[in-house]
Amino acid sequence: MYKIPKELNGSIWHSTSTKNWQLIKETGAICTEPPEECLITRSRKNAEPFIQSLKGISLFDLRKSNATKNKAVFRFIPGNSNWNGTVWLEIDIESIKNNFWSAENATNHWRESDFRNFIPHAEGACFSNIPLSAIKTILIYERNKASFRKYN
């Protein structure tokens, strides 16, 4: 059975690569329009990530147990299967609440679209830049050690 790791359970998170984390630090925010090298680009509309198509920032909304309804979430949790290290940024919901879609709200919007690239019940969104000051916790998941560590 798949489970959300205790380190991530119950919070809102943005995950990124170690390379993109460096760009976020330089920029001072997680941006709705990130530098081109951070974007996931696709040639077909249905392959483009749904939230990215709306100029939003994808967030993992792990506050409710239904985040595990879609097993696709475990390609990214505990760490992205394509990265040796995944940086997890816990987001303070109070600082983004006016521009935030919960996972269930985003899932409802996605159902009305013709996009396929989305993780129902686990993926939420923010439609404004997220400043570094809105990051509560930073964790690094190291695939080779299969463990989380706090970022220094």
# chains A, B, ... in the order shown; residues from 1 in each chain; ligands from 1
>>> select_by_dssp(residues="stretch 8-151 of chain A", states="alpha helix (DSSP H)", output="ChimeraX atom specification")
/A:18-27,50-53,93-96,103-111
>>> residues_around(residues="A:Val73", least_positions_apart="5", cutoff="10 Å", atoms="only C-alpha atoms", output="list of chain:residue names")
A:Tyr2, A:Ile4, A:Phe60, A:Ala67, A:Thr68, A:Pro78, A:Asn80, A:Phe118, A:Ile119, A:Pro120, A:His121, A:Ala122, A:Glu123
>>> write_last_selection(atoms="C-alpha atoms", output="JSON list (two decimals), in the first residue's frame")
[["chain", "number", "residue", "atom", "x", "y", "z"],
["A", 2, "TYR", "CA", 1.19, 3.48, -0.86],
["A", 4, "ILE", "CA", 2.39, 9.73, 2.06],
["A", 60, "PHE", "CA", 1.03, 19.04, -3.60],
["A", 67, "ALA", "CA", -4.29, 12.61, -2.09],
["A", 68, "THR", "CA", -3.52, 8.89, -2.43],
["A", 78, "PRO", "CA", 8.77, 10.82, -1.78],
["A", 80, "ASN", "CA", 10.71, 12.64, -8.30],
["A", 118, "PHE", "CA", -2.65, 16.51, -13.86],
["A", 119, "ILE", "CA", -2.72, 14.55, -10.59],
["A", 120, "PRO", "CA", -6.34, 14.55, -9.33],
["A", 121, "HIS", "CA", -6.94, 14.84, -5.58],
["A", 122, "ALA", "CA", -3.27, 15.67, -4.86],
["A", 123, "GLU", "CA", -2.35, 18.61, -7.07]]
>>> atom_distance(atom1="atom CA of A:Arg149", atom2="atom CA of A:Asp61")
20.5 Å
>>> residues_around(residues="A:Phe76", least_positions_apart="2", cutoff="12 Å", atoms="only C-alpha atoms", output="MDAnalysis selection string")
chainID A and resid 4:5 8 13:17 59:60 68 70:74 78:88 119 122:123 141 143
>>> closest_residue(among="A:Lys55, A:Lys97, A:Lys69, A:Arg75", to="A:Glu33", atoms="only C-alpha atoms")
A:Lys55
>>> select_by_dssp(residues="chain A", states="strand (DSSP E or B)", output="JSON, numbers by chain")
{"A": [12, 13, 14, 15, 16, 17, 29, 30, 57, 58, 59, 60, 61, 85, 86, 87, 88, 89, 90, 91, 100, 101, 123, 124, 125, 126, 130, 131, 135, 136, 137, 138, 139, 140, 141, 142, 147, 148, 149, 150]}
>>> atom_distance(atom1="atom CA of A:Trp21", atom2="atom CA of A:Glu48")
21.5 Å
